[in-house]
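Structure file final-v9.csv (CSV, C-alpha atoms) follows.
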```csv
chain,number,residue,atom,x,y,z
A,230,MET,CA,0.0,0.0,0.0
A,231,SER,CA,2.8,2.4,0.8
A,232,ARG,CA,4.8,1.6,-2.4
A,233,TRP,CA,5.3,4.4,-4.9
A,234,GLN,CA,2.4,4.4,-7.4
A,235,PRO,CA,3.3,5.5,-10.9
A,236,ASP,CA,1.3,8.5,-11.9
A,237,ALA,CA,-0.9,8.3,-8.8
A,238,ARG,CA,-2.0,12.0,-9.2
A,239,GLY,CA,-3.1,11.5,-12.8
A,240,ARG,CA,-5.0,8.3,-12.0
A,241,LEU,CA,-6.8,10.0,-9.1
A,242,ALA,CA,-7.7,13.0,-11.3
A,243,ARG,CA,-9.0,10.8,-14.1
A,244,ALA,CA,-11.0,8.6,-11.6
A,245,ALA,CA,-12.5,11.8,-10.0
A,246,ILE,CA,-13.6,13.3,-13.3
A,247,GLU,CA,-15.2,9.9,-14.3
A,248,LEU,CA,-17.1,9.7,-11.1
A,249,PHE,CA,-18.2,13.4,-11.1
A,250,THR,CA,-19.5,12.9,-14.6
A,251,GLU,CA,-21.3,9.6,-13.8
A,252,GLN,CA,-22.9,10.4,-10.5
A,253,GLY,CA,-22.4,14.2,-9.9
A,254,PHE,CA,-19.8,16.1,-7.9
A,255,ALA,CA,-21.9,16.3,-4.6
A,256,ALA,CA,-22.5,12.5,-4.6
A,257,THR,CA,-18.9,11.5,-5.1
A,258,THR,CA,-16.7,10.8,-2.0
A,259,VAL,CA,-12.9,10.7,-1.7
A,260,PRO,CA,-13.0,6.9,-0.8
A,261,GLN,CA,-14.9,6.2,-4.0
A,262,ILE,CA,-12.3,8.2,-6.0
A,263,ALA,CA,-9.4,6.4,-4.4
A,264,ALA,CA,-11.1,3.0,-4.9
A,265,ARG,CA,-11.7,3.7,-8.6
A,266,ALA,CA,-8.0,4.7,-9.0
A,267,ASP,CA,-7.0,1.5,-7.1
A,268,LEU,CA,-5.2,3.7,-4.5
A,269,THR,CA,-5.8,4.6,-0.8
A,270,THR,CA,-7.5,7.7,0.5
A,271,ARG,CA,-4.2,8.4,2.2
A,272,THR,CA,-2.6,8.7,-1.2
A,273,PHE,CA,-5.5,10.9,-2.4
A,274,PHE,CA,-4.8,13.4,0.4
A,275,ARG,CA,-1.1,13.3,-0.4
A,276,HIS,CA,-2.0,14.9,-3.7
A,277,PHE,CA,-5.2,16.9,-3.1
A,278,ALA,CA,-6.6,18.8,-0.1
A,279,ASP,CA,-10.2,17.7,-1.1
A,280,LYS,CA,-12.2,16.5,-4.1
A,281,ARG,CA,-12.8,20.1,-5.2
A,282,GLU,CA,-9.1,20.7,-5.6
A,283,VAL,CA,-9.0,18.0,-8.3
A,284,LEU,CA,-10.9,20.4,-10.5
A,285,PHE,CA,-9.1,23.6,-9.5
A,286,ALA,CA,-5.5,22.5,-8.9
A,287,GLY,CA,-3.1,24.8,-10.6
A,288,ASP,CA,-5.6,27.7,-10.7
A,289,GLU,CA,-4.0,29.5,-7.8
A,290,GLU,CA,-1.0,30.3,-9.9
A,291,LEU,CA,-3.1,31.8,-12.8
A,292,PRO,CA,-3.7,35.3,-11.4
A,293,ALA,CA,0.0,35.9,-10.7
A,294,LEU,CA,1.0,34.5,-14.1
A,295,VAL,CA,-1.5,36.6,-16.0
A,296,ALA,CA,-0.6,39.8,-14.0
A,297,ARG,CA,3.1,39.2,-14.8
A,298,LEU,CA,2.3,38.8,-18.5
A,299,ALA,CA,0.2,42.0,-18.5
A,300,THR,CA,3.1,43.8,-16.7
A,301,ASP,CA,5.9,42.5,-18.9
A,302,ALA,CA,4.2,42.7,-22.4
A,303,PRO,CA,6.0,45.0,-24.9
A,304,ALA,CA,5.4,48.6,-23.8
A,305,ALA,CA,4.0,49.6,-27.3
A,306,LEU,CA,1.1,47.2,-27.0
A,307,GLY,CA,-2.3,48.6,-26.3
A,308,PRO,CA,-4.6,46.8,-23.7
A,309,LEU,CA,-6.4,44.5,-26.2
A,310,PRO,CA,-3.2,43.1,-27.8
A,311,VAL,CA,-1.9,42.6,-24.2
A,312,ILE,CA,-5.0,40.6,-23.4
A,313,ALA,CA,-4.6,38.5,-26.6
A,314,TYR,CA,-0.9,37.9,-25.8
A,315,ALA,CA,-1.7,36.8,-22.2
A,316,LEU,CA,-4.5,34.5,-23.2
A,317,GLU,CA,-2.5,32.9,-26.0
A,318,THR,CA,0.5,32.4,-23.6
A,319,VAL,CA,-1.7,30.9,-20.9
A,320,ALA,CA,-3.5,28.7,-23.4
A,321,ALA,CA,-0.3,27.3,-24.8
A,322,ALA,CA,1.0,26.5,-21.3
A,323,LYS,CA,-2.2,25.1,-19.8
A,324,PHE,CA,-4.8,24.2,-22.3
A,325,GLU,CA,-3.0,22.8,-25.4
A,326,GLY,CA,-4.1,19.2,-26.1
A,327,GLN,CA,-6.6,19.2,-23.2
A,328,LEU,CA,-9.8,20.0,-25.2
A,329,ALA,CA,-11.6,16.7,-24.2
A,330,TYR,CA,-10.6,17.0,-20.5
A,331,LEU,CA,-11.6,20.7,-20.3
A,332,ARG,CA,-15.0,20.0,-21.8
A,333,THR,CA,-15.7,17.3,-19.3
A,334,ARG,CA,-14.4,19.6,-16.5
A,335,ARG,CA,-16.7,22.4,-17.6
A,336,ALA,CA,-19.8,20.2,-17.7
A,337,VAL,CA,-19.0,19.0,-14.1
A,338,ILE,CA,-18.7,22.6,-12.9
A,339,GLN,CA,-21.8,23.8,-14.7
A,340,ALA,CA,-23.9,21.0,-13.0
A,341,ASP,CA,-23.0,22.1,-9.5
A,342,GLU,CA,-24.1,25.4,-7.8
A,343,GLY,CA,-21.1,25.6,-5.4
A,344,LEU,CA,-18.6,24.9,-8.2
A,345,ARG,CA,-20.2,27.6,-10.4
A,346,GLU,CA,-19.7,30.1,-7.5
A,347,ARG,CA,-16.1,29.0,-7.1
A,348,GLU,CA,-15.6,29.6,-10.8
A,349,LEU,CA,-17.1,33.2,-10.5
A,350,ARG,CA,-14.8,33.9,-7.5
A,351,LYS,CA,-11.8,32.7,-9.6
A,352,ARG,CA,-12.7,35.3,-12.3
A,353,ALA,CA,-13.0,38.1,-9.7
A,354,VAL,CA,-9.6,37.2,-8.3
A,355,LEU,CA,-8.2,37.1,-11.8
A,356,ALA,CA,-9.6,40.5,-12.7
A,357,ASP,CA,-8.0,42.0,-9.5
A,358,ALA,CA,-4.6,40.6,-10.5
A,359,ILE,CA,-4.8,41.7,-14.1
A,360,GLY,CA,-5.9,45.2,-12.9
A,361,ARG,CA,-2.6,45.3,-10.9
A,362,GLY,CA,-0.7,44.3,-14.0
A,363,PHE,CA,-2.3,47.1,-16.1
A,364,ARG,CA,-1.6,49.7,-13.4
A,365,ALA,CA,2.0,48.6,-13.5
A,366,ARG,CA,1.9,49.4,-17.2
A,367,GLY,CA,1.0,52.9,-16.3
A,368,LEU,CA,-2.7,52.9,-17.1
A,369,ASP,CA,-4.9,55.2,-14.9
A,370,GLU,CA,-7.2,53.5,-12.3
A,371,LEU,CA,-10.4,53.6,-14.4
A,372,THR,CA,-8.7,52.3,-17.6
A,373,ALA,CA,-6.8,49.6,-15.7
A,374,ILE,CA,-10.1,48.3,-14.1
A,375,LEU,CA,-11.9,48.3,-17.4
A,376,ALA,CA,-9.1,46.6,-19.3
A,377,ALA,CA,-8.9,43.9,-16.5
A,378,GLN,CA,-12.7,43.3,-16.8
A,379,LEU,CA,-12.4,43.1,-20.6
A,380,ALA,CA,-9.5,40.7,-20.2
A,381,VAL,CA,-11.6,38.3,-18.1
A,382,THR,CA,-14.6,38.7,-20.5
A,383,VAL,CA,-12.3,37.9,-23.5
A,384,PHE,CA,-10.8,34.9,-21.6
A,385,SER,CA,-14.1,33.4,-20.6
A,386,VAL,CA,-16.0,34.0,-23.8
A,387,THR,CA,-13.2,32.8,-26.0
A,388,ILE,CA,-12.5,29.6,-23.9
A,389,ASP,CA,-16.3,28.8,-23.9
A,390,ARG,CA,-16.4,29.1,-27.7
A,391,TRP,CA,-13.3,27.0,-28.0
A,392,LEU,CA,-14.9,24.3,-25.9
A,393,ASP,CA,-18.3,24.7,-27.7
A,394,GLN,CA,-16.9,24.3,-31.3
A,395,ASP,CA,-17.4,21.1,-33.3
A,396,GLY,CA,-14.0,21.3,-35.0
A,397,GLU,CA,-10.5,21.9,-33.7
A,398,ARG,CA,-9.9,25.6,-34.4
A,399,PRO,CA,-7.0,26.8,-32.4
A,400,LEU,CA,-7.7,29.1,-29.5
A,401,SER,CA,-5.6,31.9,-31.1
A,402,ALA,CA,-8.0,32.1,-34.1
A,403,LEU,CA,-11.0,32.4,-31.7
A,404,VAL,CA,-9.2,35.1,-29.7
A,405,HIS,CA,-9.1,37.2,-32.8
A,406,ASP,CA,-12.8,36.7,-33.5
A,407,THR,CA,-13.6,37.8,-30.0
A,408,LEU,CA,-11.4,40.9,-30.2
A,409,ARG,CA,-12.8,41.9,-33.6
A,410,ALA,CA,-16.4,41.6,-32.3
A,411,LEU,CA,-15.4,43.5,-29.1
A,412,ARG,CA,-14.0,46.4,-31.2
A,413,ALA,CA,-17.1,46.5,-33.3
A,414,VAL,CA,-19.3,46.7,-30.2
A,415,ALA,CA,-17.2,49.5,-28.7
A,416,ALA,CA,-16.9,51.4,-32.0
A,417,ALA,CA,-20.7,51.4,-32.8
A,418,PRO,CA,-22.1,54.9,-33.0
A,419,ALA,CA,-22.3,56.8,-29.7
A,420,ALA,CA,-25.6,58.4,-30.7
A,421,PRO,CA,-28.3,57.3,-33.1
A,422,PRO,CA,-27.6,58.8,-36.6
A,423,HIS,CA,-31.2,60.2,-36.6
A,424,ARG,CA,-34.1,60.3,-34.2
A,425,ALA,CA,-37.7,59.4,-35.0
B,1443,MET,CA,-48.6,43.0,19.0
B,1444,SER,CA,-50.8,42.3,16.0
B,1445,ARG,CA,-51.7,46.0,15.3
B,1446,TRP,CA,-50.6,47.5,12.0
B,1447,GLN,CA,-47.2,49.1,12.4
B,1448,PRO,CA,-46.5,52.2,10.3
B,1449,ASP,CA,-43.5,51.6,7.9
B,1450,ALA,CA,-42.6,48.3,9.6
B,1451,ARG,CA,-40.6,47.2,6.5
B,1452,GLY,CA,-38.6,50.4,6.5
B,1453,ARG,CA,-37.9,50.2,10.2
B,1454,LEU,CA,-36.8,46.6,10.0
B,1455,ALA,CA,-34.5,47.4,7.0
B,1456,ARG,CA,-32.9,50.3,8.9
B,1457,ALA,CA,-32.5,48.3,12.1
B,1458,ALA,CA,-30.9,45.4,10.1
B,1459,ILE,CA,-28.4,47.7,8.3
B,1460,GLU,CA,-27.4,49.3,11.6
B,1461,LEU,CA,-26.8,46.0,13.3
B,1462,PHE,CA,-24.9,44.5,10.2
B,1463,THR,CA,-22.6,47.6,10.3
B,1464,GLU,CA,-22.1,47.5,14.1
B,1465,GLN,CA,-21.5,43.8,14.7
B,1466,GLY,CA,-21.3,42.2,11.2
B,1467,PHE,CA,-23.8,40.3,9.1
B,1468,ALA,CA,-23.0,36.8,10.4
B,1469,ALA,CA,-23.3,37.8,14.1
B,1470,THR,CA,-26.7,39.5,13.6
B,1471,THR,CA,-29.9,37.5,14.2
B,1472,VAL,CA,-33.5,38.1,13.2
B,1473,PRO,CA,-34.7,38.5,16.8
B,1474,GLN,CA,-32.0,41.2,17.3
B,1475,ILE,CA,-33.2,43.0,14.2
B,1476,ALA,CA,-36.9,42.8,15.3
B,1477,ALA,CA,-36.0,44.0,18.8
B,1478,ARG,CA,-34.0,47.0,17.4
B,1479,ALA,CA,-37.0,48.0,15.3
B,1480,ASP,CA,-39.3,47.5,18.2
B,1481,LEU,CA,-41.3,44.8,16.3
B,1482,THR,CA,-41.8,41.0,16.6
B,1483,THR,CA,-39.9,38.4,14.6
B,1484,ARG,CA,-43.3,37.4,13.2
B,1485,THR,CA,-43.5,40.8,11.7
B,1486,PHE,CA,-40.0,40.5,10.3
B,1487,PHE,CA,-40.9,37.3,8.5
B,1488,ARG,CA,-44.0,38.9,7.1
B,1489,HIS,CA,-41.7,41.3,5.2
B,1490,PHE,CA,-38.5,39.3,4.5
B,1491,ALA,CA,-37.7,35.6,4.0
B,1492,ASP,CA,-34.4,35.9,6.0
B,1493,LYS,CA,-31.8,38.5,7.0
B,1494,ARG,CA,-30.0,38.3,3.7
B,1495,GLU,CA,-33.2,39.3,1.8
B,1496,VAL,CA,-33.1,42.7,3.6
B,1497,LEU,CA,-30.0,43.5,1.5
B,1498,PHE,CA,-31.1,42.0,-1.8
B,1499,ALA,CA,-34.9,42.7,-1.8
B,1500,GLY,CA,-35.9,44.1,-5.2
B,1501,ASP,CA,-32.9,42.6,-6.9
B,1502,GLU,CA,-34.9,39.8,-8.5
B,1503,GLU,CA,-36.7,42.2,-10.7
B,1504,LEU,CA,-33.5,43.8,-12.0
B,1505,PRO,CA,-32.5,41.2,-14.7
B,1506,ALA,CA,-36.0,41.3,-16.3
B,1507,LEU,CA,-36.1,45.1,-16.1
B,1508,VAL,CA,-32.7,45.6,-17.7
B,1509,ALA,CA,-33.4,42.9,-20.4
B,1510,ARG,CA,-36.6,44.8,-21.3
B,1511,LEU,CA,-34.8,48.1,-21.5
B,1512,ALA,CA,-32.1,46.5,-23.8
B,1513,THR,CA,-34.9,45.0,-26.0
B,1514,ASP,CA,-37.0,48.1,-26.2
B,1515,ALA,CA,-34.3,50.9,-26.6
B,1516,PRO,CA,-34.6,52.8,-29.9
B,1517,ALA,CA,-33.5,50.5,-32.8
B,1518,ALA,CA,-30.9,53.0,-34.1
B,1519,LEU,CA,-28.9,52.9,-30.8
B,1520,GLY,CA,-25.6,50.9,-30.8
B,1521,PRO,CA,-24.8,48.6,-27.8
B,1522,LEU,CA,-22.9,51.1,-25.7
B,1523,PRO,CA,-25.7,53.8,-25.9
B,1524,VAL,CA,-28.2,51.1,-25.0
B,1525,ILE,CA,-26.1,50.2,-22.0
B,1526,ALA,CA,-25.9,53.9,-20.9
B,1527,TYR,CA,-29.6,54.3,-21.4
B,1528,ALA,CA,-30.4,51.2,-19.3
B,1529,LEU,CA,-28.1,52.1,-16.5
B,1530,GLU,CA,-29.4,55.7,-16.3
B,1531,THR,CA,-33.0,54.4,-16.3
B,1532,VAL,CA,-32.3,51.8,-13.5
B,1533,ALA,CA,-30.3,54.4,-11.5
B,1534,ALA,CA,-33.2,57.0,-11.7
B,1535,ALA,CA,-35.7,54.3,-10.6
B,1536,LYS,CA,-33.7,52.6,-7.9
B,1537,PHE,CA,-30.6,54.6,-6.7
B,1538,GLU,CA,-31.7,58.2,-6.8
B,1539,GLY,CA,-31.3,59.8,-3.3
B,1540,GLN,CA,-30.0,56.6,-1.8
B,1541,LEU,CA,-26.2,57.3,-1.9
B,1542,ALA,CA,-25.7,57.0,1.9
B,1543,TYR,CA,-27.8,53.8,2.2
B,1544,LEU,CA,-26.1,52.2,-0.8
B,1545,ARG,CA,-22.6,53.0,0.6
B,1546,THR,CA,-23.5,51.3,3.9
B,1547,ARG,CA,-25.0,48.3,2.0
B,1548,ARG,CA,-21.8,47.9,-0.1
B,1549,ALA,CA,-19.6,48.0,3.0
B,1550,VAL,CA,-21.7,45.2,4.6
B,1551,ILE,CA,-21.5,43.0,1.5
B,1552,GLN,CA,-17.8,43.5,1.1
B,1553,ALA,CA,-17.2,42.4,4.7
B,1554,ASP,CA,-18.8,39.0,4.2
B,1555,GLU,CA,-17.6,36.2,2.0
B,1556,GLY,CA,-21.1,34.7,1.4
B,1557,LEU,CA,-22.6,38.1,0.5
B,1558,ARG,CA,-19.8,38.8,-1.9
B,1559,GLU,CA,-20.5,35.5,-3.7
B,1560,ARG,CA,-24.2,36.3,-3.8
B,1561,GLU,CA,-23.3,39.7,-5.4
B,1562,LEU,CA,-21.2,37.8,-8.1
B,1563,ARG,CA,-24.0,35.4,-8.8
B,1564,LYS,CA,-26.3,38.4,-9.2
B,1565,ARG,CA,-24.0,39.8,-11.9
B,1566,ALA,CA,-23.9,36.5,-13.7
B,1567,VAL,CA,-27.7,36.3,-13.8
B,1568,LEU,CA,-27.9,40.0,-14.9
B,1569,ALA,CA,-25.4,39.3,-17.8
B,1570,ASP,CA,-27.5,36.3,-19.0
B,1571,ALA,CA,-30.7,38.5,-19.0
B,1572,ILE,CA,-29.0,41.4,-20.8
B,1573,GLY,CA,-27.6,38.9,-23.4
B,1574,ARG,CA,-31.2,37.8,-24.1
B,1575,GLY,CA,-32.2,41.5,-24.5
B,1576,PHE,CA,-29.4,42.1,-27.0
B,1577,ARG,CA,-30.2,38.9,-29.0
B,1578,ALA,CA,-33.8,40.2,-29.2
B,1579,ARG,CA,-32.3,43.4,-30.8
B,1580,GLY,CA,-30.9,41.2,-33.5
B,1581,LEU,CA,-27.3,41.0,-32.4
B,1582,ASP,CA,-25.4,37.8,-33.3
B,1583,GLU,CA,-24.6,35.4,-30.4
B,1584,LEU,CA,-20.9,36.5,-29.9
B,1585,THR,CA,-21.8,40.2,-30.1
B,1586,ALA,CA,-24.7,39.8,-27.7
B,1587,ILE,CA,-22.6,37.9,-25.1
B,1588,LEU,CA,-19.8,40.5,-25.3
B,1589,ALA,CA,-22.3,43.5,-25.1
B,1590,ALA,CA,-24.0,41.9,-22.1
B,1591,GLN,CA,-20.6,41.4,-20.3
B,1592,LEU,CA,-19.7,45.0,-21.2
B,1593,ALA,CA,-23.0,46.1,-19.7
B,1594,VAL,CA,-22.3,44.4,-16.4
B,1595,THR,CA,-18.8,45.8,-16.4
B,1596,VAL,CA,-20.0,49.3,-17.1
B,1597,PHE,CA,-22.8,49.0,-14.4
B,1598,SER,CA,-20.5,47.7,-11.7
B,1599,VAL,CA,-17.5,50.0,-12.4
B,1600,THR,CA,-19.7,53.1,-12.7
B,1601,ILE,CA,-21.7,52.3,-9.5
B,1602,ASP,CA,-18.5,51.7,-7.6
B,1603,ARG,CA,-17.1,55.0,-8.7
B,1604,TRP,CA,-20.4,56.8,-7.9
B,1605,LEU,CA,-20.2,55.3,-4.3
B,1606,ASP,CA,-16.5,56.1,-4.0
B,1607,GLN,CA,-16.7,59.8,-4.9
B,1608,ASP,CA,-16.3,62.5,-2.3
B,1609,GLY,CA,-18.8,64.8,-4.0
B,1610,GLU,CA,-22.3,64.3,-5.4
B,1611,ARG,CA,-21.7,63.9,-9.2
B,1612,PRO,CA,-24.7,62.4,-10.8
B,1613,LEU,CA,-24.4,58.8,-12.0
B,1614,SER,CA,-25.1,59.9,-15.6
B,1615,ALA,CA,-21.9,61.9,-15.7
B,1616,LEU,CA,-19.9,59.0,-14.4
B,1617,VAL,CA,-21.5,56.6,-17.0
B,1618,HIS,CA,-20.1,58.9,-19.7
B,1619,ASP,CA,-16.6,58.8,-18.2
B,1620,THR,CA,-16.8,55.0,-18.1
B,1621,LEU,CA,-17.9,54.7,-21.7
B,1622,ARG,CA,-15.3,57.2,-22.9
B,1623,ALA,CA,-12.5,55.2,-21.2
B,1624,LEU,CA,-14.0,51.9,-22.5
B,1625,ARG,CA,-13.9,53.2,-26.1
B,1626,ALA,CA,-10.3,54.4,-25.6
B,1627,VAL,CA,-9.3,50.9,-24.4
B,1628,ALA,CA,-11.0,49.2,-27.3
B,1629,ALA,CA,-9.7,51.6,-29.9
B,1630,ALA,CA,-6.1,51.5,-28.9
B,1631,PRO,CA,-3.8,50.1,-31.7
B,1632,ALA,CA,-4.3,46.5,-32.5
B,1633,ALA,CA,-0.6,46.0,-33.1
B,1634,PRO,CA,2.4,47.9,-31.8
B,1635,PRO,CA,3.3,50.8,-34.2
B,1636,HIS,CA,6.9,49.4,-34.3
B,1637,ARG,CA,8.8,46.6,-32.8
B,1638,ALA,CA,12.2,46.8,-31.0
```
Structure rendered as structure tokens:
Amino acid sequence: MSRWQPDARGRLARAAIELFTEQGFAATTVPQIAARADLTTRTFFRHFADKREVLFAGDEELPALVARLATDAPAALGPLPVIAYALETVAAAKFEGQLAYLRTRRAVIQADEGLRERELRKRAVLADAIGRGFRARGLDELTAILAAQLAVTVFSVTIDRWLDQDGERPLSALVHDTLRALRAVAAAPAAPPHRA
Amino acid sequence: MSRWQPDARGRLARAAIELFTEQGFAATTVPQIAARADLTTRTFFRHFADKREVLFAGDEELPALVARLATDAPAALGPLPVIAYALETVAAAKFEGQLAYLRTRRAVIQADEGLRERELRKRAVLADAIGRGFRARGLDELTAILAAQLAVTVFSVTIDRWLDQDGERPLSALVHDTLRALRAVAAAPAAPPHRA
């Protein structure tokens, strides 16, 4: 039982996602996950604090990573290209080749109220971190907050579309669709051309 | 005890906000609120389902109201003017003359994890409703989602700035600041003018 188990973490994560999908997140217990992975609960708790962490492991580093990308992007870039650059960098590091897993993960999260709230909190924390990154670029307070909110919107809308698609269009192509649509929304006439 | 109590609802709401501010939301009980208002707990529950509803009463109607404003705004208006129109209409109906109360309410919500989550959920529900309003205007799916997310961003950033200000600038002036900054962010160059 105490022998080293090859890829114990990966086996636990796969077993957890299978069970969450089959019977729901709330109904799944840590002993069930460990049994499915043919490991002990002690091994589970060596890798994850709880069953929720299986879904969100690695997310804690995301705000700091994205804030650093926003701070360090070439000075000449405007806010939207910085957002595109950060999203493409994060996608290459964390999402590449994980389409099927990320689709399953999203379905598990959408089916559970508590997990949806956790996801919303994650976005709020991400927006705060990106706002700090934009302030470090010299943007004023209002512009930094708006740019950070736009970043989180572009991230979540683009990732949702990437997961929704039938084909395998790369995330970078979808980022450009999102930015083009966003520019069109913001550039639409400020006042109606004529009034009735 | 069963006599009609003039403005019982208002007295309960004021008592609740006082107690939330003095001792925190979590530590405040319904019997304490009723006692502070000089009313019974039975009267409290005739007006509110629980202590949380004192802070969020009336919010359930907001998504439908804003979706209707987005649907019914003059056809010639682009998405950002629709957002400005909807925010100014909601502000006139619900926020006018309530600056002090809304500041206190925000402080109570920010001090409590559960209330902050409730506030985030409220924004997600609002974005879904506004997205339906924009689709009813004939916007395509991607544009409607982006416009709805922008609406929620403009709403929350503008209201925060309105509550943060020292003076008494009207919300409509602050909406225009937000939209101007948003247009500037979205219009910034798509690519750097030159590379190092």
Open item on the list: Which residues are near segment 396-404 of chain A? Cut-off 10 Å, all atoms listed in the file, ignore same chain within fewer than 6 positions. Put them as a PyMOL selection string.
Closed with: chain A and resi 312-314+316-318+320-321+324-325+328+383-384+386-388+390
Using the selection just defined, write its residues with C-alpha atoms as an mmCIF file, in the coordinates of the input.
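Saved as selection.cif:
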```cif
data_model
loop_
_atom_site.group_PDB
_atom_site.id
_atom_site.type_symbol
_atom_site.label_atom_id
_atom_site.label_comp_id
_atom_site.auth_asym_id
_atom_site.auth_seq_id
_atom_site.Cartn_x
_atom_site.Cartn_y
_atom_site.Cartn_z
ATOM 1 C CA ILE A 312 -5.000 40.600 -23.400
ATOM 2 C CA ALA A 313 -4.600 38.500 -26.600
ATOM 3 C CA TYR A 314 -0.900 37.900 -25.800
ATOM 4 C CA LEU A 316 -4.500 34.500 -23.200
ATOM 5 C CA GLU A 317 -2.500 32.900 -26.000
ATOM 6 C CA THR A 318 0.500 32.400 -23.600
ATOM 7 C CA ALA A 320 -3.500 28.700 -23.400
ATOM 8 C CA ALA A 321 -0.300 27.300 -24.800
ATOM 9 C CA PHE A 324 -4.800 24.200 -22.300
ATOM 10 C CA GLU A 325 -3.000 22.800 -25.400
ATOM 11 C CA LEU A 328 -9.800 20.000 -25.200
ATOM 12 C CA VAL A 383 -12.300 37.900 -23.500
ATOM 13 C CA PHE A 384 -10.800 34.900 -21.600
ATOM 14 C CA VAL A 386 -16.000 34.000 -23.800
ATOM 15 C CA THR A 387 -13.200 32.800 -26.000
ATOM 16 C CA ILE A 388 -12.500 29.600 -23.900
ATOM 17 C CA ARG A 390 -16.400 29.100 -27.700
#
```
How close does each residue of chain A get to chain B, giving the shortest atom pair and distance in Å to one decimal for every residue with an atom at most 7 Å away, counting all atoms listed in the file, sorted by chain and residue number, as JSON lines?
```
{"residue": "A:Ala305", "atom": "CA", "partner": "B:Pro1634", "partner_atom": "CA", "distance": 5.1}
{"residue": "A:Leu306", "atom": "CA", "partner": "B:Pro1634", "partner_atom": "CA", "distance": 5.0}
{"residue": "A:Gly307", "atom": "CA", "partner": "B:Ala1630", "partner_atom": "CA", "distance": 5.4}
{"residue": "A:Pro308", "atom": "CA", "partner": "B:Val1627", "partner_atom": "CA", "distance": 6.3}
{"residue": "A:Leu309", "atom": "CA", "partner": "B:Ala1628", "partner_atom": "CA", "distance": 6.7}
{"residue": "A:Pro310", "atom": "CA", "partner": "B:Ala1632", "partner_atom": "CA", "distance": 5.9}
{"residue": "A:Glu346", "atom": "CA", "partner": "B:Glu1559", "partner_atom": "CA", "distance": 6.7}
{"residue": "A:Leu349", "atom": "CA", "partner": "B:Leu1562", "partner_atom": "CA", "distance": 6.6}
{"residue": "A:Thr372", "atom": "CA", "partner": "B:Ala1623", "partner_atom": "CA", "distance": 6.0}
{"residue": "A:Leu375", "atom": "CA", "partner": "B:Leu1624", "partner_atom": "CA", "distance": 6.6}
{"residue": "A:Ala376", "atom": "CA", "partner": "B:Val1627", "partner_atom": "CA", "distance": 6.7}
{"residue": "A:Gln378", "atom": "CA", "partner": "B:Thr1595", "partner_atom": "CA", "distance": 6.6}
{"residue": "A:Thr382", "atom": "CA", "partner": "B:Gln1591", "partner_atom": "CA", "distance": 6.6}
{"residue": "A:Ala410", "atom": "CA", "partner": "B:Thr1585", "partner_atom": "CA", "distance": 6.0}
{"residue": "A:Leu411", "atom": "CA", "partner": "B:Leu1588", "partner_atom": "CA", "distance": 6.5}
{"residue": "A:Arg412", "atom": "CA", "partner": "B:Ala1628", "partner_atom": "CA", "distance": 5.7}
{"residue": "A:Val414", "atom": "CA", "partner": "B:Pro1521", "partner_atom": "CA", "distance": 6.3}
{"residue": "A:Ala415", "atom": "CA", "partner": "B:Arg1625", "partner_atom": "CA", "distance": 5.6}
{"residue": "A:Ala416", "atom": "CA", "partner": "B:Arg1625", "partner_atom": "CA", "distance": 6.9}
{"residue": "A:Ala417", "atom": "CA", "partner": "B:Gly1520", "partner_atom": "CA", "distance": 5.3}
{"residue": "A:Pro418", "atom": "CA", "partner": "B:Gly1520", "partner_atom": "CA", "distance": 5.8}
{"residue": "A:Ala419", "atom": "CA", "partner": "B:Pro1523", "partner_atom": "CA", "distance": 5.9}
{"residue": "A:Ala420", "atom": "CA", "partner": "B:Leu1519", "partner_atom": "CA", "distance": 6.4}
{"residue": "A:Pro421", "atom": "CA", "partner": "B:Leu1519", "partner_atom": "CA", "distance": 5.0}
```
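In this structure, atom CA of Ala1499 of chain B sits 16.7 Å away from atom CA of Glu1460 of chain B.
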Open item on the list: Which residues are close to Ile262 of chain A, i.e. within 8 Å by only C-alpha atoms, leaving aside same-chain residues fewer than 3 positions away? Reply as a list of chain:residue names.
Closed with: A:Leu241, A:Ala244, A:Ala245, A:Leu248, A:Thr257, A:Thr258, A:Val259, A:Arg265, A:Ala266
- [ ] Kindly indicate which residue among B:Ala1450, B:Val1496, B:Ala1468, B:Ala1571 lies nearest to Thr1513 of chain B, using all atoms listed in the file for the distances.
- [x]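 Comparing B:Ala1450, B:Val1496, B:Ala1468, B:Ala1571 against Thr1513 of chain B, the winner is B:Ala1571.
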Open item on the list: What does the structure give for the distance between atom CA of Glu290 of chain A and atom CA of Arg243 of chain A, in Å to one decimal?
Closed with: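 Atom-to-atom, atom CA of Glu290 of chain A and atom CA of Arg243 of chain A are spaced 21.5 Å apart.
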TODO: Please indicate the distance in Å from atom CA of Gln1540 of chain B to atom CA of Glu370 of chain A, rounded to one decimal place.
DONE: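 Taking atom CA of Gln1540 of chain B and atom CA of Glu370 of chain A, their separation equals 25.3 Å.
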TODO: Enumerate, as number ranges by chain, the protein, DNA and RNA residues whose atoms approach (-16.7, 16.1, -8.4) to within 12 Å, taking into account all atoms listed in the file and the coordinate frame of the file.
DONE: A: 241-259, 261-262, 279-285, 333-344
